[in-house]
$ cat work.cif   # mmCIF, C-alpha atoms and all ligand atoms
data_final
loop_
_atom_site.label_atom_id
_atom_site.label_comp_id
_atom_site.auth_asym_id
_atom_site.auth_seq_id
_atom_site.Cartn_x
_atom_site.Cartn_y
_atom_site.Cartn_z
CA MET A 1 114.37 235.66 126.69
CA LYS A 2 111.41 235.56 129.09
CA GLU A 3 110.09 239.00 128.13
CA ASN A 4 110.49 238.29 124.44
CA LEU A 5 108.64 234.96 124.65
CA ILE A 6 105.81 236.54 126.60
CA LYS A 7 105.55 239.25 123.96
CA LYS A 8 105.32 236.66 121.20
CA ALA A 9 102.79 234.57 123.14
CA ILE A 10 100.60 237.64 123.58
CA GLU A 11 100.78 238.26 119.83
CA VAL A 12 99.55 234.70 119.15
CA LEU A 13 96.61 235.13 121.52
CA GLU A 14 95.69 238.55 120.20
CA ASN A 15 95.70 237.28 116.62
CA ASN A 16 93.40 234.40 117.56
CA TRP A 17 91.02 236.60 119.58
CA GLN A 18 87.70 237.00 117.77
CA GLY A 19 86.24 239.75 119.95
CA GLY A 20 84.44 237.58 122.52
CA PHE A 21 86.25 234.27 122.32
CA THR A 22 89.51 232.80 121.02
CA ILE A 23 90.02 230.19 118.33
CA PRO A 24 92.69 227.53 119.01
CA ALA A 25 94.37 228.05 115.62
CA GLN A 26 93.57 229.78 112.33
CA GLY A 27 92.12 227.46 109.67
CA LEU A 28 92.59 224.21 111.56
CA TYR A 29 90.29 225.04 114.51
CA PRO A 30 88.07 228.03 113.62
CA PHE A 31 85.53 227.90 116.51
CA GLN A 32 85.53 227.98 120.32
CA TRP A 33 86.69 224.78 122.02
CA LYS A 34 85.88 224.16 125.65
CA TRP A 35 89.10 223.11 127.36
CA ASP A 36 91.11 225.34 125.04
CA SER A 37 89.09 228.32 126.28
CA GLY A 38 89.88 227.38 129.86
CA PHE A 39 93.63 227.22 129.26
CA ILE A 40 93.49 230.37 127.14
CA ALA A 41 91.81 232.25 130.00
CA VAL A 42 94.75 231.31 132.25
CA GLY A 43 97.08 233.04 129.78
CA TYR A 44 94.91 236.15 129.49
CA ALA A 45 94.66 236.38 133.28
CA HIS A 46 98.31 237.46 133.37
CA TYR A 47 97.90 240.51 131.18
CA ASP A 48 94.23 241.19 130.42
CA MET A 49 91.79 239.89 133.04
CA GLN A 50 88.79 241.33 131.20
CA LYS A 51 89.54 239.10 128.24
CA ALA A 52 89.93 236.05 130.48
CA ILE A 53 86.50 236.74 131.95
CA LYS A 54 84.93 237.42 128.56
CA GLU A 55 86.35 234.17 127.13
CA LEU A 56 84.58 232.18 129.86
CA GLU A 57 81.39 234.25 129.79
CA THR A 58 81.03 233.52 126.09
CA LEU A 59 81.62 229.81 126.57
CA LEU A 60 79.19 229.63 129.49
CA ASP A 61 76.57 231.52 127.50
CA ALA A 62 76.39 228.39 125.32
CA GLN A 63 75.67 226.12 128.30
CA TRP A 64 72.60 223.90 127.93
CA ASP A 65 69.66 223.98 130.36
CA ASN A 66 70.86 220.76 131.97
CA GLY A 67 74.30 222.17 132.85
CA PHE A 68 76.07 220.57 129.88
CA ILE A 69 78.90 222.66 128.36
CA PRO A 70 79.68 221.64 124.78
CA HIS A 71 83.11 220.78 123.42
CA ILE A 72 82.79 223.12 120.43
CA VAL A 73 80.61 226.21 120.15
CA PHE A 74 80.02 227.10 116.50
CA HIS A 75 79.79 230.88 116.74
CA ASN A 76 80.34 231.32 113.06
CA ASP A 77 80.23 229.40 109.80
CA SER A 78 83.49 228.12 108.45
CA ASP A 79 84.32 225.83 105.59
CA THR A 80 87.81 225.08 106.92
CA TYR A 81 86.61 222.49 109.45
CA PHE A 82 84.80 219.16 109.32
CA PRO A 83 82.52 217.99 110.96
CA GLY A 84 80.67 221.26 111.51
CA PRO A 85 77.30 222.21 113.04
CA ASP A 86 75.20 220.55 110.34
CA PHE A 87 76.78 217.22 111.12
CA HIS A 88 76.58 217.48 114.92
CA GLN A 89 73.00 218.83 115.17
CA SER A 90 73.11 219.61 118.88
CA ARG A 91 69.46 220.71 118.85
CA LEU A 92 68.37 217.10 118.72
CA HIS A 93 68.71 217.36 122.50
CA PRO A 94 65.69 219.15 124.03
CA LYS A 95 67.83 221.09 126.52
CA ALA A 96 70.48 222.24 124.05
CA SER A 97 71.21 225.95 123.73
CA LYS A 98 68.73 227.74 121.49
CA LYS A 99 71.18 230.56 120.99
CA TYR A 100 74.27 228.69 119.77
CA ARG A 101 74.89 225.61 117.67
CA SER A 102 77.39 223.23 119.19
CA THR A 103 78.53 219.64 119.32
CA GLY A 104 76.63 217.19 121.52
CA MET A 105 79.70 216.14 123.44
CA VAL A 106 81.90 217.61 126.16
CA GLN A 107 85.60 218.08 126.93
CA PRO A 108 87.63 217.79 130.15
CA PRO A 109 86.11 219.92 132.96
CA VAL A 110 88.92 222.39 133.55
CA LEU A 111 86.86 225.49 134.31
CA GLY A 112 86.82 225.17 138.12
CA PHE A 113 90.58 225.29 138.45
CA VAL A 114 90.82 227.90 135.70
CA LEU A 115 88.63 230.22 137.79
CA GLU A 116 90.86 229.51 140.77
CA ARG A 117 94.02 230.29 138.81
CA MET A 118 92.44 233.56 137.68
CA TYR A 119 91.76 234.41 141.32
CA ASP A 120 95.32 233.55 142.35
CA VAL A 121 96.85 235.58 139.54
CA ALA A 122 94.57 238.62 139.99
CA GLU A 123 96.00 241.64 141.77
CA ASP A 124 92.60 243.09 142.61
CA LYS A 125 90.99 240.28 144.61
CA SER A 126 87.66 241.96 145.31
CA THR A 127 86.97 242.72 141.63
CA ILE A 128 87.87 239.21 140.52
CA LEU A 129 85.68 237.75 143.26
CA SER A 130 82.69 239.71 142.01
CA HIS A 131 83.22 238.26 138.52
CA LEU A 132 83.69 234.76 139.88
CA ASP A 133 80.48 235.20 141.82
CA SER A 134 78.57 235.47 138.55
CA LEU A 135 80.36 232.57 136.83
CA ILE A 136 80.84 229.94 139.53
CA ASP A 137 77.27 228.59 139.68
CA LYS A 138 77.34 227.71 136.00
CA VAL A 139 80.51 225.71 136.48
CA TYR A 140 78.96 224.05 139.53
CA ASP A 141 75.87 223.15 137.44
CA ASN A 142 78.21 221.52 134.96
CA HIS A 143 79.66 219.31 137.71
CA VAL A 144 76.14 218.36 138.81
CA TYR A 145 75.36 217.50 135.17
CA PHE A 146 78.32 215.09 135.14
CA TYR A 147 77.56 213.42 138.45
CA GLU A 148 73.83 213.10 137.84
CA ASN A 149 74.09 211.82 134.25
CA ARG A 150 77.44 210.22 133.69
CA ASP A 151 78.28 208.44 136.93
CA ILE A 152 76.23 205.37 136.10
CA HIS A 153 77.57 203.19 138.92
CA ASN A 154 77.52 205.90 141.59
CA GLU A 155 81.23 205.64 142.19
CA GLY A 156 82.22 209.28 141.72
CA LEU A 157 83.69 208.52 138.29
CA VAL A 158 82.10 209.88 135.13
CA TYR A 159 82.22 208.36 131.67
CA ILE A 160 83.09 209.80 128.29
CA TYR A 161 81.31 208.42 125.24
CA HIS A 162 83.62 209.70 122.52
CA ASN A 163 87.37 209.97 122.11
CA TRP A 164 86.92 213.68 121.30
CA GLU A 165 85.50 214.10 124.81
CA SER A 166 88.84 212.96 126.23
CA GLY A 167 90.75 215.76 124.49
CA THR A 168 93.34 213.13 123.49
CA ASP A 169 91.67 212.36 120.19
CA ASN A 170 93.60 209.54 118.55
CA SER A 171 95.48 208.10 121.50
CA PRO A 172 96.49 204.43 121.03
CA MET A 173 94.22 203.90 124.03
CA TRP A 174 91.23 203.73 121.74
CA ASP A 175 92.75 201.21 119.31
CA ASP A 176 91.24 198.31 121.23
CA ILE A 177 87.75 199.82 120.98
CA TRP A 178 87.61 200.38 117.20
CA PRO A 179 87.57 196.68 116.25
CA THR A 180 84.50 196.18 118.48
CA MET A 181 82.60 198.64 116.25
CA ASP A 182 81.26 197.99 112.82
CA SER A 183 81.63 201.51 111.43
CA PRO A 184 80.53 202.22 107.86
CA ASP A 185 83.02 203.51 105.33
CA TYR A 186 81.68 207.08 105.27
CA GLU A 187 82.15 209.47 102.39
CA PHE A 188 83.21 212.90 103.60
CA GLU A 189 85.71 215.60 102.91
CA ARG A 190 88.28 216.10 105.65
CA ARG A 191 89.61 219.61 106.15
CA ASP A 192 92.26 219.03 108.83
CA THR A 193 94.58 217.31 106.36
CA THR A 194 94.51 220.38 104.13
CA HIS A 195 96.13 222.39 106.97
CA VAL A 196 98.51 219.78 108.41
CA ASP A 197 100.62 216.94 106.98
CA PRO A 198 98.23 213.92 107.00
CA SER A 199 100.93 211.70 108.57
CA GLN A 200 100.57 213.82 111.73
CA ARG A 201 96.78 213.42 111.89
CA PRO A 202 94.32 210.52 112.51
CA THR A 203 93.58 208.12 109.64
CA LYS A 204 90.41 207.99 107.48
CA ARG A 205 89.36 204.77 109.23
CA GLU A 206 89.70 206.42 112.62
CA TYR A 207 87.48 209.26 111.38
CA ASP A 208 84.87 206.67 110.32
CA HIS A 209 84.74 205.47 113.91
CA TYR A 210 84.59 209.02 115.30
CA LEU A 211 81.64 209.84 113.04
CA HIS A 212 79.90 206.55 113.72
CA ILE A 213 79.73 207.16 117.48
CA ILE A 214 78.19 210.57 116.83
CA GLU A 215 75.61 209.04 114.48
CA ILE A 216 74.59 206.64 117.25
CA ALA A 217 74.34 209.47 119.79
CA LYS A 218 72.25 211.49 117.32
CA GLN A 219 69.89 208.56 116.78
CA HIS A 220 69.22 208.79 120.52
CA GLY A 221 68.82 212.57 120.51
CA TYR A 222 72.01 212.92 122.59
CA ASP A 223 70.13 211.47 125.55
CA ASP A 224 72.69 210.56 128.24
CA ALA A 225 70.93 207.47 129.55
CA LYS A 226 70.51 206.10 126.05
CA ILE A 227 74.09 206.90 125.16
CA ALA A 228 75.22 205.05 128.29
CA GLU A 229 73.20 202.09 127.09
CA HIS A 230 74.06 202.11 123.39
CA SER A 231 77.36 203.83 122.75
CA PRO A 232 80.06 201.37 121.68
CA PHE A 233 82.54 203.75 123.32
CA LEU A 234 82.12 204.23 127.08
CA VAL A 235 85.23 204.91 129.12
CA GLN A 236 86.27 206.26 132.52
CA ASP A 237 89.26 208.39 131.67
CA PRO A 238 91.84 209.25 134.39
CA LEU A 239 92.61 212.64 132.82
CA PHE A 240 88.96 213.64 132.51
CA ASN A 241 88.14 212.51 136.05
CA ALA A 242 91.27 214.13 137.49
CA MET A 243 90.23 217.44 135.90
CA LEU A 244 86.76 217.10 137.42
CA LEU A 245 88.20 216.34 140.86
CA ARG A 246 90.73 219.18 140.67
CA SER A 247 87.90 221.50 139.66
CA ASN A 248 85.70 220.27 142.55
CA GLU A 249 88.46 221.24 144.92
CA ALA A 250 88.79 224.67 143.31
CA LEU A 251 85.04 225.33 143.43
CA ILE A 252 84.93 224.38 147.12
CA ARG A 253 87.72 226.87 147.85
CA LEU A 254 86.12 229.63 145.77
CA TYR A 255 82.66 229.20 147.35
CA GLY A 256 84.45 229.52 150.69
CA LEU A 257 86.08 232.78 149.59
CA LEU A 258 82.71 234.04 148.36
CA ASN A 259 81.18 233.14 151.71
CA ARG A 260 78.30 231.23 150.22
CA GLY A 261 77.35 227.88 148.70
CA VAL A 262 76.95 225.69 151.80
CA ASP A 263 74.83 223.12 149.94
CA GLU A 264 77.06 223.25 146.88
CA ILE A 265 80.15 222.65 148.99
CA ALA A 266 78.49 219.70 150.74
CA TYR A 267 77.48 218.15 147.41
CA LEU A 268 80.92 218.58 145.88
CA ARG A 269 82.66 217.20 148.99
CA SER A 270 80.62 214.01 148.99
CA LYS A 271 81.21 213.35 145.28
CA HIS A 272 84.83 214.30 145.68
CA SER A 273 85.77 211.79 148.34
CA LEU A 274 83.91 209.03 146.51
CA GLY A 275 85.74 209.93 143.30
CA ILE A 276 89.17 209.92 144.95
CA ASP A 277 88.57 206.46 146.42
CA SER A 278 87.43 205.09 143.08
CA MET A 279 90.35 206.60 141.21
CA ASN A 280 92.74 204.82 143.57
CA THR A 281 90.93 201.50 143.76
CA LYS A 282 89.62 201.19 140.23
CA LEU A 283 91.84 203.22 137.89
CA PHE A 284 95.24 202.88 139.56
CA ASP A 285 96.99 199.78 138.27
CA GLU A 286 99.73 198.46 140.52
CA ASN A 287 101.47 196.49 137.76
CA SER A 288 101.74 199.45 135.42
CA GLY A 289 102.53 201.90 138.23
CA ALA A 290 100.04 204.25 136.59
CA TYR A 291 96.39 205.32 136.38
CA LEU A 292 94.73 203.69 133.38
CA HIS A 293 91.50 204.10 131.42
CA PHE A 294 88.61 201.80 132.36
CA ASP A 295 86.57 200.51 129.42
CA LEU A 296 82.98 200.17 130.65
CA ARG A 297 82.05 198.05 127.61
CA SER A 298 84.63 195.32 128.03
CA ASN A 299 84.69 195.94 131.78
CA LYS A 300 88.45 196.11 132.04
CA LEU A 301 91.36 198.52 132.21
CA LEU A 302 92.96 199.49 128.91
CA PRO A 303 96.62 198.48 129.33
CA TYR A 304 98.31 201.68 128.12
CA ILE A 305 100.29 204.35 129.94
CA SER A 306 100.03 207.92 128.67
CA SER A 307 100.50 211.45 129.97
CA SER A 308 96.87 211.18 131.16
CA SER A 309 98.13 208.58 133.66
CA PHE A 310 99.93 211.33 135.60
CA ALA A 311 97.13 213.92 135.61
CA PRO A 312 95.75 212.69 138.99
CA LEU A 313 98.80 214.26 140.69
CA HIS A 314 97.36 217.67 139.81
CA ALA A 315 94.19 216.85 141.74
CA GLY A 316 95.93 215.46 144.83
CA ILE A 317 94.38 212.04 144.18
CA PRO A 318 97.34 209.66 144.76
CA THR A 319 98.52 208.67 148.21
CA LYS A 320 102.20 209.44 148.82
CA GLU A 321 103.04 205.87 148.00
CA ILE A 322 101.13 205.91 144.70
CA ALA A 323 102.67 209.28 143.83
CA SER A 324 106.17 207.78 144.22
CA LYS A 325 105.22 204.92 141.93
CA LEU A 326 103.90 207.34 139.33
CA VAL A 327 107.14 209.28 139.44
CA GLU A 328 109.11 206.07 139.02
CA THR A 329 107.04 205.19 135.93
CA LEU A 330 107.37 208.70 134.55
CA THR A 331 111.13 208.73 135.06
CA ASN A 332 111.80 205.22 133.74
CA LYS A 333 109.50 205.16 130.75
CA PHE A 334 109.21 208.79 129.67
CA GLY A 335 112.27 210.47 131.15
CA ASP A 336 115.47 208.86 129.86
CA LYS A 337 118.33 211.20 128.93
CA GLY A 338 117.46 211.23 125.23
CA LYS A 339 113.95 212.57 125.82
CA LEU A 340 112.30 215.79 126.71
CA LEU A 341 109.31 215.52 129.02
CA CYS A 342 106.55 214.59 128.70
CA ALA A 343 105.52 212.40 125.76
CA SER A 344 101.77 211.97 125.41
CA PHE A 345 102.14 208.20 125.09
CA ASP A 346 104.51 205.62 126.59
CA PRO A 347 107.73 205.95 124.55
CA THR A 348 108.73 202.35 125.36
CA HIS A 349 105.57 200.95 123.78
CA GLU A 350 105.46 199.71 120.18
CA LYS A 351 102.48 201.97 119.45
CA PHE A 352 104.48 205.09 120.33
CA ASN A 353 104.74 207.50 117.39
CA PRO A 354 106.66 210.71 118.20
CA LYS A 355 105.14 212.68 115.32
CA LYS A 356 101.51 211.74 115.33
CA TYR A 357 99.08 213.88 117.32
CA TRP A 358 98.18 212.08 120.58
CA ARG A 359 100.23 208.95 119.86
CA GLY A 360 103.48 210.33 121.30
CA PRO A 361 104.22 214.04 120.84
CA ILE A 362 104.50 216.46 123.75
CA TRP A 363 101.51 218.76 124.30
CA ILE A 364 101.99 221.91 126.37
CA ASN A 365 98.62 221.63 128.15
CA MET A 366 99.50 218.14 129.40
CA ASN A 367 102.92 219.39 130.46
CA TRP A 368 101.26 222.18 132.40
CA ILE A 369 99.03 219.66 134.20
CA VAL A 370 101.93 217.30 134.95
CA PHE A 371 104.08 220.22 136.12
CA GLN A 372 101.39 221.37 138.57
CA GLY A 373 100.99 217.83 139.86
CA LEU A 374 104.69 217.17 140.44
CA LYS A 375 105.02 220.51 142.20
CA ARG A 376 102.06 219.74 144.41
CA TYR A 377 103.69 216.51 145.62
CA GLY A 378 107.07 218.16 146.17
CA PHE A 379 108.93 216.57 143.22
CA LYS A 380 110.60 219.89 142.57
CA ASP A 381 113.40 218.82 140.23
CA LEU A 382 111.18 216.77 137.98
CA ALA A 383 108.56 219.53 137.93
CA GLU A 384 111.21 222.03 136.94
CA ARG A 385 112.43 219.71 134.20
CA VAL A 386 108.91 219.57 132.71
CA ARG A 387 108.62 223.35 132.91
CA LYS A 388 112.03 223.99 131.36
CA ASP A 389 111.51 221.45 128.59
CA SER A 390 108.21 223.11 127.68
CA ILE A 391 109.78 226.56 127.53
CA GLU A 392 112.76 225.32 125.53
CA LEU A 393 110.54 223.59 122.97
CA VAL A 394 108.51 226.71 122.31
CA ALA A 395 111.58 228.97 122.34
CA ASN A 396 113.31 226.76 119.77
CA HIS A 397 110.41 225.89 117.48
CA GLY A 398 107.57 228.33 117.96
CA PHE A 399 104.02 228.13 119.32
CA TYR A 400 103.12 224.82 117.75
CA GLU A 401 100.37 222.41 118.66
CA TYR A 402 102.69 219.48 119.55
CA PHE A 403 106.39 218.66 119.70
CA ASP A 404 108.81 215.78 119.25
CA CYS A 405 110.15 214.48 122.56
CA ARG A 406 113.34 213.01 121.07
CA LYS A 407 116.32 215.28 121.71
CA ASN A 408 118.05 214.12 118.53
CA HIS A 409 114.96 214.78 116.38
CA PRO A 410 114.02 218.33 117.30
CA ASN A 411 110.78 219.27 115.60
CA ALA A 412 107.29 220.67 116.05
CA TYR A 413 104.08 219.57 114.41
CA GLY A 414 100.39 220.30 113.85
CA GLY A 415 98.97 223.82 113.81
CA ASN A 416 101.22 226.84 114.34
CA ASN A 417 100.37 229.88 116.48
CA PHE A 418 98.35 227.59 118.68
CA SER A 419 96.50 229.42 121.46
CA TRP A 420 96.89 227.16 124.48
CA THR A 421 100.61 226.72 123.80
CA ALA A 422 100.91 230.51 124.00
CA ALA A 423 98.57 230.94 126.97
CA LEU A 424 100.11 228.23 129.14
CA LEU A 425 103.63 229.27 128.25
CA ILE A 426 102.84 232.66 129.75
CA ASP A 427 101.69 230.90 132.92
CA LEU A 428 104.74 228.61 133.01
CA LEU A 429 107.07 231.57 132.53
CA HIS A 430 105.44 233.22 135.55
CA SER A 431 105.83 230.06 137.64
CA ASP A 432 109.59 230.27 138.27
C1 LIG A 501 92.42 218.83 118.90
C2 LIG A 501 92.81 218.32 120.27
C3 LIG A 501 91.78 218.78 121.29
C4 LIG A 501 91.65 220.30 121.20
C5 LIG A 501 91.29 220.72 119.78
C6 LIG A 501 91.29 222.22 119.57
O1 LIG A 501 91.23 218.24 118.47
O2 LIG A 501 92.94 216.95 120.28
O3 LIG A 501 92.17 218.38 122.57
O4 LIG A 501 90.71 220.76 122.08
O5 LIG A 501 92.25 220.20 118.89
O6 LIG A 501 92.54 222.74 119.87
#
$ encode --input "work.cif" --output "structure tokens"
Amino acid sequence: MKENLIKKAIEVLENNWQGGFTIPAQGLYPFQWKWDSGFIAVGYAHYDMQKAIKELETLLDAQWDNGFIPHIVFHNDSDTYFPGPDFHQSRLHPKASKKYRSTGMVQPPVLGFVLERMYDVAEDKSTILSHLDSLIDKVYDNHVYFYENRDIHNEGLVYIYHNWESGTDNSPMWDDIWPTMDSPDYEFERRDTTHVDPSQRPTKREYDHYLHIIEIAKQHGYDDAKIAEHSPFLVQDPLFNAMLLRSNEALIRLYGLLNRGVDEIAYLRSKHSLGIDSMNTKLFDENSGAYLHFDLRSNKLLPYISSSSFAPLHAGIPTKEIASKLVETLTNKFGDKGKLLCASFDPTHEKFNPKKYWRGPIWINMNWIVFQGLKRYGFKDLAERVRKDSIELVANHGFYEYFDCRKNHPNAYGGNNFSWTAALLIDLLHSD
């Protein structure tokens, strides 16, 4: 089974490869997405390291002069996706790439640990190190961008200003924020719902809010300080920050292997320890037994548990005691016998919807992150359960975008032949 699945996963990736970068899925996502590219590179690393490197080189070529790496790079024109480059208008920012059009927002900073995974997987360590040598400073500059522009309280935690920056687009997490906004009823033509059953996608009203935040950011020329002041959406996300911290750690290790970067290492270390403290004092909520999102507008934690709540395990953030509490929450709320792991949103909550995008279904990238975290803390059985569930879902249903966690409702949803599902499955299959 393993060989056959790997073969099929490679086929998915090869079909989505555009000769320089990889689209997440035909039709539904026809450009290059940032965190997708990172996960995709992990898959390529197992069978075609040159492609893994090229994927990241292309993405980093679109980096702005201030270190910012955009969430979507519009390499080509496509009428299968909305909102496209004409809506986003990244060039309103004076430091935006002159070469590529993009969005003016980011996605979770996974590239540091992606480079590290590529190093660990590579057979020829000296060749991979020479490639990493030419990529690592750009990823470092991206971390500096975050800390210098988005850590407004100097606590080692960075904000996101849009739900699309979180990667977990329509999570119930954001439901409390929408009523605080007075978004217009925009007229636009959605394309996503022509590819996927609309009941599995965000609503029109949610899209109004998504567009409204971008309009506000555009009015301010995508200036970070102004966005921090005016955006109705400003959140410290435990997933996003855990990815940044895990990537800090990876960059520190890689600079060490490259025998350079003394100043860079010192900078990352100081931000890192501050960030870990803040994650544990500010974002960990004792009552929920989970890391939560902090809403910088209402100045309080958003009271929802999701798969993002467990991402800090991957970055070694929790103390042993906190890690045990997280595992208790994961087991009790997400892991009863009738469920596969790991739902994207608390299955015991009334807002849980097992079929709708980020409101409940299992996503393979989140499972990969949770798996790494559980393994890191020595929760071997639970880690193995997450790994096996992921493999079983793909083996039974195909390389879909997201999956039902209910054992008596087996199903898969969203886009098919989805790149990160294929890429990370290859990695999970190699992690036995
Ligand atoms: C969806 C996901 C986002 C992903 C993108 C491309 O918008 O929510 O996380 O990056 O699709 O696959």
$ atom_distance --input "work.cif" --atom1 "CA of Thr329 (chain A)" --atom2 "CA of Ile391 (chain A)"
23.1 Å
$ residues_around --input "work.cif" --residues "Leu341 (chain A)" --least-positions-apart "3" --cutoff "7 Å" --atoms "all atoms listed in the file" --output "MDAnalysis selection string"
chainID A and resid 334:335 386 389 405
$ closest_atom_pairs --input "work.cif" --of "chain A" --to "ligand LIG 501 (chain A)" --cutoff "7 Å" --atoms "only C-alpha atoms and all ligand atoms" --output "Markdown table"
| residue | atom | partner | partner_atom | distance |
| --- | --- | --- | --- | --- |
| A:Pro24 | CA | A:LIG501 | O6 | 4.9 |
| A:Tyr29 | CA | A:LIG501 | C6 | 5.9 |
| A:Trp33 | CA | A:LIG501 | O4 | 5.7 |
| A:Lys34 | CA | A:LIG501 | O4 | 6.9 |
| A:Trp35 | CA | A:LIG501 | O4 | 6.0 |
| A:Asp36 | CA | A:LIG501 | O4 | 5.5 |
| A:Trp164 | CA | A:LIG501 | O1 | 6.9 |
| A:Gly167 | CA | A:LIG501 | O3 | 3.5 |
| A:Thr168 | CA | A:LIG501 | O2 | 5.0 |
| A:Asp169 | CA | A:LIG501 | O2 | 4.8 |
$ residues_around --input "work.cif" --residues "Phe39 (chain A)" --least-positions-apart "4" --cutoff "9 Å" --atoms "all atoms listed in the file" --output "list in words"
Trp35, Gly43, Val110, Leu111, Val114, Asn365, Ser419, Trp420, Thr421, Ala423 and Leu424 of chain A
$ residues_around --input "work.cif" --residues "Phe371 (chain A)" --least-positions-apart "5" --cutoff "9 Å" --atoms "only C-alpha atoms" --output "ChimeraX atom specification"
/A:314,366,376,382-387,428
$ closest_residue --input "work.cif" --among "A:Phe146, A:Tyr140, A:Phe345, A:Tyr222" --to "Met173 (chain A)" --atoms "all atoms listed in the file"
A:Phe345
$ closest_residue --input "work.cif" --among "A:Glu249, A:Asp192, A:Glu392, A:Glu401" --to "Tyr413 (chain A)" --atoms "only C-alpha atoms"
A:Glu401
$ atom_distance --input "work.cif" --atom1 "CA of His88 (chain A)" --atom2 "CA of Thr103 (chain A)"
5.3 Å
$ closest_residue --input "work.cif" --among "A:Val235, A:Trp178, A:Phe31, A:Phe21" --to "Ser78 (chain A)" --atoms "all atoms listed in the file"
A:Phe31
$ atom_distance --input "work.cif" --atom1 "CA of Gly398 (chain A)" --atom2 "CA of Ala412 (chain A)"
7.9 Å
$ residues_around --input "work.cif" --residues "Pro303 (chain A)" --least-positions-apart "6" --cutoff "9 Å" --atoms "all atoms listed in the file" --output "mmCIF file with C-alpha atoms, keeping the file's coordinate frame"
data_model
loop_
_atom_site.group_PDB
_atom_site.id
_atom_site.type_symbol
_atom_site.label_atom_id
_atom_site.label_comp_id
_atom_site.auth_asym_id
_atom_site.auth_seq_id
_atom_site.Cartn_x
_atom_site.Cartn_y
_atom_site.Cartn_z
ATOM 1 C CA MET A 173 94.220 203.900 124.030
ATOM 2 C CA SER A 288 101.740 199.450 135.420
ATOM 3 C CA LEU A 292 94.730 203.690 133.380
ATOM 4 C CA HIS A 293 91.500 204.100 131.420
#
$ closest_residue --input "work.cif" --among "A:Phe68, A:Tyr119, A:Phe240, A:Phe310" --to "Ile369 (chain A)" --atoms "only C-alpha atoms"
A:Phe310
$ closest_residue --input "work.cif" --among "A:Glu116, A:Glu229, A:Asp77, A:Asp65" --to "Ser247 (chain A)" --atoms "all atoms listed in the file"
A:Glu116
$ residues_around --input "work.cif" --residues "Lys218 (chain A)" --least-positions-apart "3" --cutoff "9 Å" --atoms "all atoms listed in the file" --output "list in words"
His88, Gln89, Ser90, Leu92, His93, Gly104, Ile213, Ile214, Glu215, Gly221, Tyr222 and Asp223 of chain A
$ closest_residue --input "work.cif" --among "A:Ile152, A:Leu268, A:Val196, A:Leu340" --to "Leu296 (chain A)" --atoms "all atoms listed in the file"
A:Ile152
$ residues_near_point --input "work.cif" --point "(101.1, 211.3, 146.7)" --cutoff "12 Å" --atoms "all atoms listed in the file" --output "list in words"
Asn280, Phe310, Pro312, Leu313, His314, Ala315, Gly316, Ile317, Pro318, Thr319, Lys320, Glu321, Ile322, Ala323, Ser324, Lys325, Leu326, Val327, Gly373, Leu374, Lys375, Arg376, Tyr377, Gly378 and Phe379 of chain A
$ residues_near_point --input "work.cif" --point "(102.4, 212.5, 108.5)" --cutoff "12 Å" --atoms "all atoms listed in the file" --output "PyMOL selection string"
chain A and resi 193-203+353-357+413-414
